[in-house]
Every structure is written in C-alpha cells, then in structure tokens.
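Undergrad: Sharing upload-v1.cif here; it has mmCIF, C-alpha atoms.
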```
data_run
#
loop_
_atom_site.group_PDB
_atom_site.id
_atom_site.type_symbol
_atom_site.label_atom_id
_atom_site.label_comp_id
_atom_site.auth_asym_id
_atom_site.auth_seq_id
_atom_site.Cartn_x
_atom_site.Cartn_y
_atom_site.Cartn_z
ATOM 1 C CA MET A 175 -30.612 -92.253 -10.549
ATOM 2 C CA SER A 176 -27.428 -91.905 -8.560
ATOM 3 C CA GLN A 177 -27.906 -88.135 -8.373
ATOM 4 C CA ARG A 178 -31.448 -88.607 -6.983
ATOM 5 C CA VAL A 179 -30.164 -91.020 -4.333
ATOM 6 C CA ALA A 180 -27.429 -88.572 -3.406
ATOM 7 C CA SER A 181 -29.922 -85.707 -3.042
ATOM 8 C CA VAL A 182 -32.176 -87.834 -0.826
ATOM 9 C CA GLU A 183 -29.240 -88.763 1.391
ATOM 10 C CA THR A 184 -28.264 -85.070 1.607
ATOM 11 C CA GLU A 185 -31.803 -84.099 2.694
ATOM 12 C CA LYS A 186 -31.737 -86.792 5.361
ATOM 13 C CA GLN A 187 -28.439 -85.455 6.665
ATOM 14 C CA HIS A 188 -29.738 -81.854 6.914
ATOM 15 C CA LYS A 189 -33.170 -82.774 8.240
ATOM 16 C CA PRO A 190 -33.338 -82.000 11.996
ATOM 17 C CA GLU A 191 -34.064 -84.870 14.280
ATOM 18 C CA PRO A 192 -37.569 -84.781 15.791
ATOM 19 C CA GLN A 193 -37.617 -83.605 19.388
ATOM 20 C CA PRO A 194 -38.990 -85.930 22.008
ATOM 21 C CA ARG A 195 -42.730 -85.525 22.556
ATOM 22 C CA ARG A 196 -42.271 -85.002 26.272
ATOM 23 C CA ARG A 197 -39.890 -82.067 25.723
ATOM 24 C CA ARG A 198 -42.239 -80.361 23.238
ATOM 25 C CA ARG A 199 -45.142 -80.760 25.640
ATOM 26 C CA ARG A 200 -43.060 -79.267 28.427
ATOM 27 C CA ILE A 201 -42.248 -76.240 26.273
ATOM 28 C CA GLN A 202 -45.934 -75.720 25.472
ATOM 29 C CA ILE A 203 -47.012 -76.026 29.107
ATOM 30 C CA LEU A 204 -44.332 -73.674 30.480
ATOM 31 C CA PRO A 205 -46.006 -70.332 29.470
ATOM 32 C CA TYR A 206 -49.286 -71.407 31.019
ATOM 33 C CA ALA A 207 -47.514 -72.558 34.183
ATOM 34 C CA LEU A 208 -45.809 -69.178 34.505
ATOM 35 C CA ILE A 209 -49.014 -67.140 34.263
ATOM 36 C CA THR A 210 -51.158 -69.484 36.363
ATOM 37 C CA PRO A 211 -50.251 -67.902 39.755
ATOM 38 C CA LEU A 212 -51.069 -64.438 38.398
ATOM 39 C CA MET A 213 -54.381 -65.630 36.964
ATOM 40 C CA ILE A 214 -55.316 -67.240 40.288
ATOM 41 C CA PHE A 215 -54.418 -64.017 42.063
ATOM 42 C CA ILE A 216 -56.527 -61.895 39.685
ATOM 43 C CA VAL A 217 -59.514 -64.236 39.832
ATOM 44 C CA GLY A 218 -59.376 -64.596 43.609
ATOM 45 C CA LEU A 219 -58.871 -60.931 44.508
ATOM 46 C CA ALA A 220 -60.602 -59.123 41.649
ATOM 47 C CA LEU A 221 -63.056 -61.121 39.597
ATOM 48 C CA VAL A 222 -64.677 -63.122 42.406
ATOM 49 C CA PRO A 223 -65.329 -60.058 44.638
ATOM 50 C CA ALA A 224 -66.544 -58.116 41.591
ATOM 51 C CA GLY A 225 -69.027 -60.845 40.692
ATOM 52 C CA PHE A 226 -70.146 -61.100 44.314
ATOM 53 C CA THR A 227 -70.701 -57.337 44.401
ATOM 54 C CA VAL A 228 -72.812 -57.398 41.238
ATOM 55 C CA ILE A 229 -75.008 -60.202 42.558
ATOM 56 C CA GLN A 230 -75.434 -58.845 46.088
ATOM 57 C CA SER A 231 -76.322 -55.362 44.824
ATOM 58 C CA PHE A 232 -79.740 -56.729 43.825
ATOM 59 C CA PHE A 233 -80.418 -58.136 47.298
ATOM 60 C CA THR A 234 -81.320 -56.661 50.677
ATOM 61 C CA VAL A 235 -78.270 -57.516 52.788
ATOM 62 C CA ASN A 236 -78.647 -56.042 56.259
ATOM 63 C CA PRO A 237 -77.856 -57.894 59.499
ATOM 64 C CA MET A 238 -80.375 -55.628 61.245
ATOM 65 C CA ASP A 239 -83.087 -56.658 58.781
ATOM 66 C CA PRO A 240 -82.709 -60.395 58.090
ATOM 67 C CA PRO A 241 -82.984 -62.504 56.037
ATOM 68 C CA THR A 242 -81.133 -61.699 52.823
ATOM 69 C CA ARG A 243 -83.741 -61.397 50.079
ATOM 70 C CA PHE A 244 -83.975 -60.340 46.473
ATOM 71 C CA SER A 245 -84.978 -56.689 46.068
ATOM 72 C CA GLY A 246 -84.353 -56.020 42.367
ATOM 73 C CA LEU A 247 -83.550 -52.391 41.638
ATOM 74 C CA ASP A 248 -84.694 -51.073 45.026
ATOM 75 C CA ASN A 249 -81.144 -50.439 46.219
ATOM 76 C CA PHE A 250 -80.372 -48.369 43.135
ATOM 77 C CA THR A 251 -83.584 -46.335 43.268
ATOM 78 C CA SER A 252 -83.034 -45.615 46.966
ATOM 79 C CA LEU A 253 -79.534 -44.350 46.240
ATOM 80 C CA LEU A 254 -80.641 -42.120 43.369
ATOM 81 C CA ASN A 255 -83.341 -40.579 45.566
ATOM 82 C CA ASP A 256 -81.028 -39.968 48.527
ATOM 83 C CA ALA A 257 -80.081 -36.294 48.887
ATOM 84 C CA THR A 258 -76.882 -37.187 50.747
ATOM 85 C CA ILE A 259 -75.729 -39.409 47.905
ATOM 86 C CA LEU A 260 -76.498 -36.739 45.318
ATOM 87 C CA SER A 261 -74.620 -34.119 47.344
ATOM 88 C CA SER A 262 -71.585 -36.391 47.664
ATOM 89 C CA ALA A 263 -71.772 -37.126 43.939
ATOM 90 C CA SER A 264 -71.681 -33.414 43.143
ATOM 91 C CA ASN A 265 -68.681 -33.026 45.462
ATOM 92 C CA THR A 266 -66.953 -35.877 43.647
ATOM 93 C CA VAL A 267 -67.572 -34.195 40.291
ATOM 94 C CA ILE A 268 -65.732 -31.107 41.564
ATOM 95 C CA TYR A 269 -62.962 -33.338 42.922
ATOM 96 C CA LEU A 270 -62.743 -34.985 39.502
ATOM 97 C CA VAL A 271 -62.569 -31.783 37.450
ATOM 98 C CA VAL A 272 -60.048 -30.052 39.716
ATOM 99 C CA GLY A 273 -57.930 -33.135 40.276
ATOM 100 C CA VAL A 274 -57.640 -34.298 36.682
ATOM 101 C CA LEU A 275 -57.047 -30.850 35.184
ATOM 102 C CA VAL A 276 -54.509 -29.646 37.755
ATOM 103 C CA SER A 277 -52.571 -32.911 38.010
ATOM 104 C CA THR A 278 -52.401 -33.260 34.216
ATOM 105 C CA VAL A 279 -51.233 -29.684 33.609
ATOM 106 C CA LEU A 280 -48.642 -29.912 36.390
ATOM 107 C CA GLY A 281 -47.605 -33.364 35.152
ATOM 108 C CA ILE A 282 -46.961 -32.037 31.645
ATOM 109 C CA PHE A 283 -45.009 -29.069 33.023
ATOM 110 C CA MET A 284 -42.855 -31.254 35.285
ATOM 111 C CA ALA A 285 -42.299 -33.849 32.556
ATOM 112 C CA VAL A 286 -41.054 -31.214 30.114
ATOM 113 C CA ILE A 287 -38.599 -29.923 32.728
ATOM 114 C CA LEU A 288 -37.388 -33.395 33.682
ATOM 115 C CA HIS A 289 -36.969 -34.296 30.008
ATOM 116 C CA ARG A 290 -33.936 -32.024 29.903
ATOM 117 C CA ASN A 291 -30.634 -33.339 31.204
ATOM 118 C CA PHE A 292 -29.335 -31.409 34.194
ATOM 119 C CA ARG A 293 -27.231 -32.154 37.239
ATOM 120 C CA GLY A 294 -29.193 -33.873 39.996
ATOM 121 C CA ARG A 295 -32.033 -34.945 37.686
ATOM 122 C CA SER A 296 -32.208 -38.456 39.152
ATOM 123 C CA ILE A 297 -32.303 -37.053 42.677
ATOM 124 C CA VAL A 298 -35.156 -34.716 41.753
ATOM 125 C CA ILE A 299 -37.129 -37.629 40.293
ATOM 126 C CA ALA A 300 -36.528 -39.733 43.413
ATOM 127 C CA VAL A 301 -37.693 -36.930 45.707
ATOM 128 C CA MET A 302 -40.635 -36.095 43.464
ATOM 129 C CA ILE A 303 -42.037 -39.632 43.679
ATOM 130 C CA LEU A 304 -42.256 -39.538 47.498
ATOM 131 C CA PRO A 305 -45.734 -37.905 47.685
ATOM 132 C CA TRP A 306 -47.132 -40.626 45.431
ATOM 133 C CA ALA A 307 -45.564 -43.333 47.606
ATOM 134 C CA LEU A 308 -47.033 -41.980 50.847
ATOM 135 C CA PRO A 309 -50.374 -43.405 52.065
ATOM 136 C CA GLY A 310 -53.372 -41.089 51.781
ATOM 137 C CA VAL A 311 -53.882 -41.087 55.558
ATOM 138 C CA VAL A 312 -50.338 -39.838 56.119
ATOM 139 C CA GLU A 313 -50.840 -37.098 53.559
ATOM 140 C CA GLY A 314 -54.083 -36.078 55.238
ATOM 141 C CA LEU A 315 -52.335 -35.802 58.592
ATOM 142 C CA VAL A 316 -49.443 -33.803 57.136
ATOM 143 C CA TRP A 317 -51.713 -31.352 55.336
ATOM 144 C CA GLY A 318 -54.026 -31.226 58.324
ATOM 145 C CA GLY A 319 -51.139 -29.638 60.188
ATOM 146 C CA ILE A 320 -50.657 -27.160 57.339
ATOM 147 C CA TYR A 321 -54.348 -26.216 57.336
ATOM 148 C CA ASP A 322 -54.588 -26.149 61.133
ATOM 149 C CA PRO A 323 -56.517 -23.009 62.232
ATOM 150 C CA ASN A 324 -54.442 -22.525 65.391
ATOM 151 C CA SER A 325 -50.840 -23.182 64.407
ATOM 152 C CA GLY A 326 -50.930 -24.181 60.744
ATOM 153 C CA LEU A 327 -48.281 -23.206 58.235
ATOM 154 C CA LEU A 328 -50.826 -21.745 55.820
ATOM 155 C CA ASN A 329 -52.186 -19.307 58.397
ATOM 156 C CA SER A 330 -48.667 -18.405 59.461
ATOM 157 C CA VAL A 331 -47.519 -17.621 55.912
ATOM 158 C CA LEU A 332 -50.639 -15.618 55.029
ATOM 159 C CA SER A 333 -50.416 -13.693 58.288
ATOM 160 C CA SER A 334 -46.724 -12.913 57.723
ATOM 161 C CA LEU A 335 -47.553 -11.592 54.259
ATOM 162 C CA HIS A 336 -50.361 -9.475 55.778
ATOM 163 C CA LEU A 337 -52.937 -11.147 53.566
ATOM 164 C CA ILE A 338 -55.083 -12.003 56.609
ATOM 165 C CA ASP A 339 -55.336 -10.178 59.917
ATOM 166 C CA HIS A 340 -56.166 -13.239 62.041
ATOM 167 C CA TYR A 341 -55.929 -17.021 61.836
ATOM 168 C CA GLN A 342 -58.817 -18.600 59.957
ATOM 169 C CA VAL A 343 -60.482 -21.978 59.522
ATOM 170 C CA PHE A 344 -60.007 -22.942 55.884
ATOM 171 C CA VAL A 345 -61.334 -26.504 55.770
ATOM 172 C CA GLY A 346 -64.951 -27.006 56.708
ATOM 173 C CA GLN A 347 -66.315 -23.474 56.357
ATOM 174 C CA ASP A 348 -66.838 -22.662 52.690
ATOM 175 C CA HIS A 349 -68.105 -25.540 50.548
ATOM 176 C CA LEU A 350 -66.092 -24.904 47.389
ATOM 177 C CA LEU A 351 -62.929 -23.871 49.246
ATOM 178 C CA THR A 352 -63.088 -27.022 51.356
ATOM 179 C CA ILE A 353 -63.274 -29.250 48.275
ATOM 180 C CA ILE A 354 -60.463 -27.403 46.499
ATOM 181 C CA LEU A 355 -58.132 -27.539 49.518
ATOM 182 C CA ILE A 356 -58.815 -31.233 50.031
ATOM 183 C CA GLU A 357 -58.312 -31.994 46.352
ATOM 184 C CA LEU A 358 -54.996 -30.127 46.319
ATOM 185 C CA VAL A 359 -53.740 -32.750 48.756
ATOM 186 C CA GLN A 360 -54.661 -35.497 46.321
ATOM 187 C CA VAL A 361 -53.172 -33.524 43.431
ATOM 188 C CA TRP A 362 -49.949 -33.409 45.434
ATOM 189 C CA GLN A 363 -50.111 -37.210 45.481
ATOM 190 C CA MET A 364 -51.179 -37.859 41.870
ATOM 191 C CA THR A 365 -48.977 -35.364 40.016
ATOM 192 C CA PRO A 366 -45.651 -37.261 40.361
ATOM 193 C CA LEU A 367 -47.127 -40.355 38.722
ATOM 194 C CA SER A 368 -48.677 -38.251 35.953
ATOM 195 C CA ALA A 369 -45.314 -36.572 35.353
ATOM 196 C CA LEU A 370 -43.490 -39.905 35.114
ATOM 197 C CA LEU A 371 -46.068 -41.359 32.709
ATOM 198 C CA ILE A 372 -45.796 -38.350 30.417
ATOM 199 C CA LEU A 373 -42.001 -38.254 30.775
ATOM 200 C CA ALA A 374 -41.799 -41.861 29.578
ATOM 201 C CA VAL A 375 -43.543 -40.854 26.345
ATOM 202 C CA LEU A 376 -41.431 -37.728 25.875
ATOM 203 C CA GLN A 377 -38.256 -39.797 25.973
ATOM 204 C CA VAL A 378 -39.470 -41.790 22.949
ATOM 205 C CA ILE A 379 -39.978 -38.716 20.746
ATOM 206 C CA PRO A 380 -37.032 -38.444 18.309
ATOM 207 C CA SER A 381 -34.827 -35.423 18.911
ATOM 208 C CA GLU A 382 -34.514 -34.978 15.140
ATOM 209 C CA LEU A 383 -38.043 -33.585 15.061
ATOM 210 C CA TYR A 384 -37.083 -30.750 17.394
ATOM 211 C CA GLU A 385 -33.893 -30.080 15.460
ATOM 212 C CA ALA A 386 -35.824 -29.880 12.178
ATOM 213 C CA ALA A 387 -38.381 -27.547 13.765
ATOM 214 C CA ARG A 388 -35.588 -25.332 15.117
ATOM 215 C CA ILE A 389 -33.966 -25.131 11.678
ATOM 216 C CA ASP A 390 -37.324 -24.133 10.168
ATOM 217 C CA GLY A 391 -37.547 -21.259 12.648
ATOM 218 C CA CYS A 392 -40.097 -22.813 14.983
ATOM 219 C CA SER A 393 -40.121 -21.265 18.445
ATOM 220 C CA THR A 394 -39.999 -23.288 21.661
ATOM 221 C CA TRP A 395 -43.689 -22.698 22.338
ATOM 222 C CA LYS A 396 -44.722 -23.733 18.815
ATOM 223 C CA ALA A 397 -42.549 -26.849 19.057
ATOM 224 C CA PHE A 398 -44.259 -27.679 22.332
ATOM 225 C CA CYS A 399 -47.734 -27.220 20.859
ATOM 226 C CA ARG A 400 -47.092 -28.913 17.500
ATOM 227 C CA ILE A 401 -44.644 -31.676 18.442
ATOM 228 C CA THR A 402 -44.620 -32.387 22.175
ATOM 229 C CA LEU A 403 -48.328 -32.294 22.941
ATOM 230 C CA PRO A 404 -49.556 -34.250 19.886
ATOM 231 C CA LEU A 405 -46.909 -36.955 20.238
ATOM 232 C CA ALA A 406 -47.347 -37.213 24.025
ATOM 233 C CA ARG A 407 -51.097 -37.768 23.903
ATOM 234 C CA ALA A 408 -50.730 -41.445 24.757
ATOM 235 C CA GLY A 409 -48.974 -40.656 28.034
ATOM 236 C CA ILE A 410 -51.352 -37.783 28.770
ATOM 237 C CA ALA A 411 -54.334 -40.094 28.259
ATOM 238 C CA ILE A 412 -52.913 -42.689 30.669
ATOM 239 C CA ALA A 413 -52.137 -39.965 33.220
ATOM 240 C CA MET A 414 -55.676 -38.610 32.980
ATOM 241 C CA VAL A 415 -57.160 -42.089 33.377
ATOM 242 C CA GLN A 416 -55.165 -42.840 36.505
ATOM 243 C CA ALA A 417 -56.072 -39.417 37.914
ATOM 244 C CA SER A 418 -59.749 -40.027 37.158
ATOM 245 C CA VAL A 419 -59.734 -43.438 38.836
ATOM 246 C CA ALA A 420 -57.912 -42.103 41.905
ATOM 247 C CA THR A 421 -60.222 -39.089 42.223
ATOM 248 C CA LEU A 422 -63.458 -41.025 41.841
ATOM 249 C CA ASN A 423 -62.257 -43.337 44.614
ATOM 250 C CA VAL A 424 -60.916 -40.633 46.930
ATOM 251 C CA PHE A 425 -61.563 -41.439 50.576
ATOM 252 C CA ASP A 426 -58.564 -40.892 52.847
ATOM 253 C CA GLN A 427 -57.935 -37.197 52.309
ATOM 254 C CA PRO A 428 -61.499 -35.874 52.807
ATOM 255 C CA TYR A 429 -62.134 -38.220 55.731
ATOM 256 C CA VAL A 430 -58.934 -37.250 57.556
ATOM 257 C CA LEU A 431 -59.153 -33.513 56.817
ATOM 258 C CA ASN A 432 -62.909 -32.961 57.131
ATOM 259 C CA GLY A 433 -64.330 -36.016 58.863
ATOM 260 C CA ALA A 434 -67.888 -37.015 58.000
ATOM 261 C CA ALA A 435 -69.003 -33.454 57.165
ATOM 262 C CA SER A 436 -71.237 -33.351 54.118
ATOM 263 C CA ASN A 437 -69.617 -30.270 52.573
ATOM 264 C CA GLY A 438 -66.541 -32.278 51.594
ATOM 265 C CA ALA A 439 -67.754 -35.879 51.596
ATOM 266 C CA SER A 440 -66.965 -37.962 48.508
ATOM 267 C CA ILE A 441 -69.115 -40.675 46.997
ATOM 268 C CA MET A 442 -66.682 -43.339 48.206
ATOM 269 C CA MET A 443 -67.099 -42.083 51.763
ATOM 270 C CA GLN A 444 -70.849 -42.605 51.433
ATOM 271 C CA ALA A 445 -70.237 -46.192 50.299
ATOM 272 C CA TYR A 446 -68.253 -46.708 53.499
ATOM 273 C CA PHE A 447 -70.881 -45.069 55.710
ATOM 274 C CA ILE A 448 -73.740 -47.028 54.164
ATOM 275 C CA SER A 449 -71.939 -50.356 54.434
ATOM 276 C CA PHE A 450 -70.132 -50.183 57.766
ATOM 277 C CA GLN A 451 -72.068 -47.601 59.770
ATOM 278 C CA ASN A 452 -75.621 -48.215 58.575
ATOM 279 C CA LEU A 453 -74.841 -51.929 57.959
ATOM 280 C CA ASN A 454 -76.861 -51.751 54.729
ATOM 281 C CA PHE A 455 -74.519 -53.876 52.681
ATOM 282 C CA GLY A 456 -76.961 -54.262 49.801
ATOM 283 C CA GLN A 457 -76.979 -50.521 49.118
ATOM 284 C CA GLY A 458 -73.235 -50.432 49.695
ATOM 285 C CA TYR A 459 -72.741 -53.057 47.009
ATOM 286 C CA ALA A 460 -75.079 -51.160 44.689
ATOM 287 C CA LEU A 461 -73.232 -47.875 45.220
ATOM 288 C CA SER A 462 -69.873 -49.583 44.661
ATOM 289 C CA LEU A 463 -71.195 -51.028 41.414
ATOM 290 C CA LEU A 464 -72.385 -47.603 40.255
ATOM 291 C CA ILE A 465 -68.997 -46.073 41.086
ATOM 292 C CA THR A 466 -67.271 -48.825 39.091
ATOM 293 C CA ILE A 467 -69.517 -48.283 36.067
ATOM 294 C CA VAL A 468 -69.002 -44.503 36.158
ATOM 295 C CA THR A 469 -65.240 -44.955 36.536
ATOM 296 C CA MET A 470 -65.089 -47.284 33.530
ATOM 297 C CA ALA A 471 -67.260 -44.943 31.443
ATOM 298 C CA ILE A 472 -65.146 -41.867 32.244
ATOM 299 C CA SER A 473 -61.902 -43.763 31.628
ATOM 300 C CA LEU A 474 -63.188 -44.962 28.259
ATOM 301 C CA LEU A 475 -64.298 -41.432 27.372
ATOM 302 C CA VAL A 476 -60.868 -40.032 28.238
ATOM 303 C CA VAL A 477 -59.104 -42.678 26.158
ATOM 304 C CA ARG A 478 -61.406 -42.166 23.165
ATOM 305 C CA THR A 479 -61.022 -38.374 23.376
ATOM 306 C CA VAL A 480 -57.346 -37.884 24.207
ATOM 307 C CA TYR A 481 -55.484 -41.003 23.111
ATOM 308 C CA ARG A 482 -54.026 -41.182 19.628
ATOM 309 C CA LYS A 483 -51.783 -43.883 18.211
ATOM 310 C CA VAL A 484 -48.418 -42.436 17.214
ATOM 311 C CA GLU A 485 -45.893 -44.062 14.865
ATOM 312 C CA PHE A 486 -42.408 -42.658 14.372
#
```
Re-express the file's structure as structure tokens.
TA:
Amino acid sequence: MSQRVASVETEKQHKPEPQPRRRRRRIQILPYALITPLMIFIVGLALVPAGFTVIQSFFTVNPMDPPTRFSGLDNFTSLLNDATILSSASNTVIYLVVGVLVSTVLGIFMAVILHRNFRGRSIVIAVMILPWALPGVVEGLVWGGIYDPNSGLLNSVLSSLHLIDHYQVFVGQDHLLTIILIELVQVWQMTPLSALLILAVLQVIPSELYEAARIDGCSTWKAFCRITLPLARAGIAIAMVQASVATLNVFDQPYVLNGAASNGASIMMQAYFISFQNLNFGQGYALSLLITIVTMAISLLVVRTVYRKVEF
C-alpha cells in the first residue's frame, strides 16, 4: 500500500502543471493572426477581381451602349469569330513556343555554368538578374534603340560584318521575323529567372552521384543527360511554367516595339484594346477569362508532363 502511495505521489510530482486557458488560446490564435493580413491581401487583390471578371464576362458592359445587361455567351462567341482575335492568338502561340523553348534551354545552360564555383560567380549572378528586374517598357525602349532602322546597333553590326549592304527595318516588315525579334526581348527578361530556378535544384543534387558516374567511366555529356536533367526536372518544370505565364500575358514589349500593328500584336494587347479603346468591357472581361483558363491549362499540362518528384 505504501509503495502505491509513493508511486502516486511521484506521478503527481512529474505531472506538468496545466497551462492557463488564456495562454493556450493565445497560442492557437497566433498562427491565424499572422496569416490574416496576407489572406485579406489575396482576397482583396486577387479573388474579388477574379470573381468580378467571371461574372461580368457574361454581361454587356459598355458605357456607349447602356445599360449593363445579361448577354450569356455572346461575348465569347463574338471573340471566337473575330479575325483580329484569332490572328493575335496565333501570334501568341508563336510567342509561347519560342519564348518557353529558348528561355528554358538558355536557363539550363546558364544554370549548369553557374553551378560550378569560380571567381566572381556572385557578381555574375547579380548582373544576370538585372534584365529580369527591369520593367518591360524599359526593355522595349532599350531594344527599340538596338532595332532602330536608322542608327540601331543591330544594323551597325550587320553592316560592319558586310552581311547587309544597307540599313533595314527589322521590326514590322516580316510577320515571323517581327514576332521572333520581339520575343527575344522577353527571353532576355525571362532567362535569368529560369536559370536561378534551375540552379536552385542543381545545388540540391548530391555530388556523390557525379563522382560515382565519373568512376564508372561516364562522360560529362552522359552525366548531364542521365543525372542532371532527370533530377532537375522539378526546377525545369517551374521555369517553364513561369515562362508560359509571362509569355501568354506579354504586352509591354510588342506594344513598345511594334505599336498596335497586327503582325506582332499579342492576345493581351487585344484585351487592352477591346476594354480601353473600344470601351467594350464585357468582351474584355470575357477575353481575360479565356486567357486565364488557357494559362492554367498550359501550366497544368507542363507540370504533368515535365515535373517528377525526386527523392535522394
């Protein structure tokens, strides 16, 4: 009996004292209090405008044709039957293919180089990120000077190399060349971010894998194909998604370099023209909704195709 009493007293001594209810409630409320400002910000600046866009896309919203009234799918059918919209959509497809492929390939190449330790590596990374940090309008102005038909750097270099016998107009003449030259400006902006995303994944790959491959007689190219690329697919997928989103929403570069010309207009430019020049906000909302759906579908397709979960 005495042993049982002693054991009970020992358990009472080691049993932690219950915390005050107010303190436990404060600990439970703290995480929610910390994320509340972010949730308010997301709801106010993202979800509310998105819901408003979805609703208004089914209405005729035009200050030149009042009142606002329900129109069903008329906005969407009008857009799909508009030759200008279809032409801009085809331009955007070319922007998408060129932009994603070139920025991803260059991003992988730059990430592999930056993965090696060399003197001045941090400085190179800092300088490399500058194009991504610049606004699209500034980039358009800078490259507009390069493409300038009268005193541009591109004409000067090609003329000095005797590749052309006179200065030429590059942007605005040939349809495909115009799109490629405009998209190269956006590639110049997107590639640094793609390189950093892929570099972050490369730094996680264990160096022992490369050492084992080298001992087994694997060449540098085979190690790149069989170790680097498969294990970096997560970073490559994220880089391709961000490039796809940026390209599908390209506006600044084509507008600054080529104006409102149809041979280089993107689908986002048409959303701007419809909404703020034609004042047909209903169709503008509908086109924005279609762009959002296409962007989400392409991003999901890229993730499902490229992304693979890797465990070391």
Undergrad: Excluding same-chain residues fewer than 2 positions from A:Ile372, what lies within 9 Å of it counting all atoms listed in the file, as a PyMOL selection string?
TA: chain A and resi 281-282+285-286+367-370+374-377+406-413
Undergrad: Could you check which of A:Phe447, A:Phe292, A:Trp362, A:Phe215 is closest to A:Leu304, using all atoms listed in the file?
TA: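 Closest to A:Leu304 of all the choices is A:Trp362.
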Undergrad: In Å, how far is it from atom CA of A:Pro237 to atom CA of A:Leu453?
TA: 6.9 Å
Undergrad: In Å, rounded to a single decimal, give me how far atom CA of A:Glu313 is from atom CA of A:Val345.
TA: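 Atom CA of A:Glu313 lies 15.1 Å from atom CA of A:Val345.
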Undergrad: Between A:Ala207, A:Val424, A:Ile320, A:Val228, which one has atoms that come closest to A:Ile467, using all atoms listed in the file?
TA: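 Ranking A:Ala207, A:Val424, A:Ile320, A:Val228 by distance to A:Ile467, first place goes to A:Val228.
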Undergrad: As a check of understanding, name the residues that the PyMOL selection byres ((chain A and resi 475-477) around 10) selects in the supplied structure, as a list in words.
TA: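 Output of the PyMOL selection byres ((chain A and resi 475-477) around 10): Arg407, Ala408, Ile410, Ala411, Ile412, Met414, Val415, Ser418, Thr469, Met470, Ala471, Ile472, Ser473, Leu474, Arg478, Thr479, Val480, Tyr481 and Arg482 of chain A.
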Undergrad: Between atom CA of A:Val222 and atom CA of A:Thr234, what is the distance, to one decimal in Å?
TA: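 For atom CA of A:Val222 relative to atom CA of A:Thr234, the distance reads 19.7 Å.
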Undergrad: Just so the selection is clear, what residues does the PyMOL selection byres ((chain A and resi 445) around 9) cover here, as an MDAnalysis selection string?
TA: chainID A and resid 441:444 446:450 457:462
Undergrad: For A:Thr266, please output as a PDB file with C-alpha atoms, in the frame of the given file all residues within 12 Å (counting all atoms listed in the file; exclusion window: fewer than 3 positions along the same chain).
TA:
```pdb
ATOM      1  CA  ILE A 259     -75.729 -39.409  47.905  1.00  0.00           C
ATOM      2  CA  LEU A 260     -76.498 -36.739  45.318  1.00  0.00           C
ATOM      3  CA  SER A 261     -74.620 -34.119  47.344  1.00  0.00           C
ATOM      4  CA  SER A 262     -71.585 -36.391  47.664  1.00  0.00           C
ATOM      5  CA  ALA A 263     -71.772 -37.126  43.939  1.00  0.00           C
ATOM      6  CA  TYR A 269     -62.962 -33.338  42.922  1.00  0.00           C
ATOM      7  CA  LEU A 270     -62.743 -34.985  39.502  1.00  0.00           C
ATOM      8  CA  VAL A 271     -62.569 -31.783  37.450  1.00  0.00           C
ATOM      9  CA  VAL A 272     -60.048 -30.052  39.716  1.00  0.00           C
ATOM     10  CA  GLY A 273     -57.930 -33.135  40.276  1.00  0.00           C
ATOM     11  CA  VAL A 274     -57.640 -34.298  36.682  1.00  0.00           C
ATOM     12  CA  LEU A 350     -66.092 -24.904  47.389  1.00  0.00           C
ATOM     13  CA  ILE A 353     -63.274 -29.250  48.275  1.00  0.00           C
ATOM     14  CA  ILE A 354     -60.463 -27.403  46.499  1.00  0.00           C
ATOM     15  CA  ILE A 356     -58.815 -31.233  50.031  1.00  0.00           C
ATOM     16  CA  GLU A 357     -58.312 -31.994  46.352  1.00  0.00           C
ATOM     17  CA  SER A 418     -59.749 -40.027  37.158  1.00  0.00           C
ATOM     18  CA  VAL A 419     -59.734 -43.438  38.836  1.00  0.00           C
ATOM     19  CA  ALA A 420     -57.912 -42.103  41.905  1.00  0.00           C
ATOM     20  CA  THR A 421     -60.222 -39.089  42.223  1.00  0.00           C
ATOM     21  CA  LEU A 422     -63.458 -41.025  41.841  1.00  0.00           C
ATOM     22  CA  ASN A 423     -62.257 -43.337  44.614  1.00  0.00           C
ATOM     23  CA  VAL A 424     -60.916 -40.633  46.930  1.00  0.00           C
ATOM     24  CA  PHE A 425     -61.563 -41.439  50.576  1.00  0.00           C
ATOM     25  CA  PRO A 428     -61.499 -35.874  52.807  1.00  0.00           C
ATOM     26  CA  SER A 436     -71.237 -33.351  54.118  1.00  0.00           C
ATOM     27  CA  ASN A 437     -69.617 -30.270  52.573  1.00  0.00           C
ATOM     28  CA  GLY A 438     -66.541 -32.278  51.594  1.00  0.00           C
ATOM     29  CA  ALA A 439     -67.754 -35.879  51.596  1.00  0.00           C
ATOM     30  CA  SER A 440     -66.965 -37.962  48.508  1.00  0.00           C
ATOM     31  CA  ILE A 441     -69.115 -40.675  46.997  1.00  0.00           C
ATOM     32  CA  MET A 442     -66.682 -43.339  48.206  1.00  0.00           C
ATOM     33  CA  MET A 443     -67.099 -42.083  51.763  1.00  0.00           C
ATOM     34  CA  GLN A 444     -70.849 -42.605  51.433  1.00  0.00           C
ATOM     35  CA  ILE A 465     -68.997 -46.073  41.086  1.00  0.00           C
ATOM     36  CA  VAL A 468     -69.002 -44.503  36.158  1.00  0.00           C
ATOM     37  CA  THR A 469     -65.240 -44.955  36.536  1.00  0.00           C
TER      38      THR A 469
END
```
Undergrad: Given only C-alpha atoms as the basis, pick out the residue of A:Val484, A:Val235, A:Ser333, A:Gln427 nearest to A:Gly318.
TA: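 The answer is A:Gln427, which sits nearest to A:Gly318.
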Undergrad: Can you report as AutoDock Vina command-line options the centre and edge lengths in Å, to one decimal, of an axis-aligned box around the listed atoms of stretch 382-394 of chain A padded with 5 Å on each side?
TA:
```
--center_x -37.0 --center_y -28.1 --center_z 15.9 --size_x 16.2 --size_y 23.7 --size_z 21.5
```
Undergrad: Given all atoms listed in the file as the basis, pick out the residue of A:Cys392, A:Leu327, A:Val430, A:Val217 nearest to A:Val312.
TA: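 Nearest candidate to A:Val312 out of A:Cys392, A:Leu327, A:Val430, A:Val217: A:Val430.
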Undergrad: For A:Tyr321, please output as a list in words all residues within 9 Å (counting all atoms listed in the file; exclusion window: fewer than 4 positions along the same chain).
TA: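 The filter keeps Trp317, Ser325, Gly326, Leu327, Leu328, Asn329, Val343, Phe344, Val345, Leu355 and Leu431 of chain A.
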Undergrad: Of the candidates A:Leu371, A:Leu315, A:Gly391, A:Tyr384, which one gets nearest to A:Tyr429 if we count only C-alpha atoms?
TA: A:Leu315
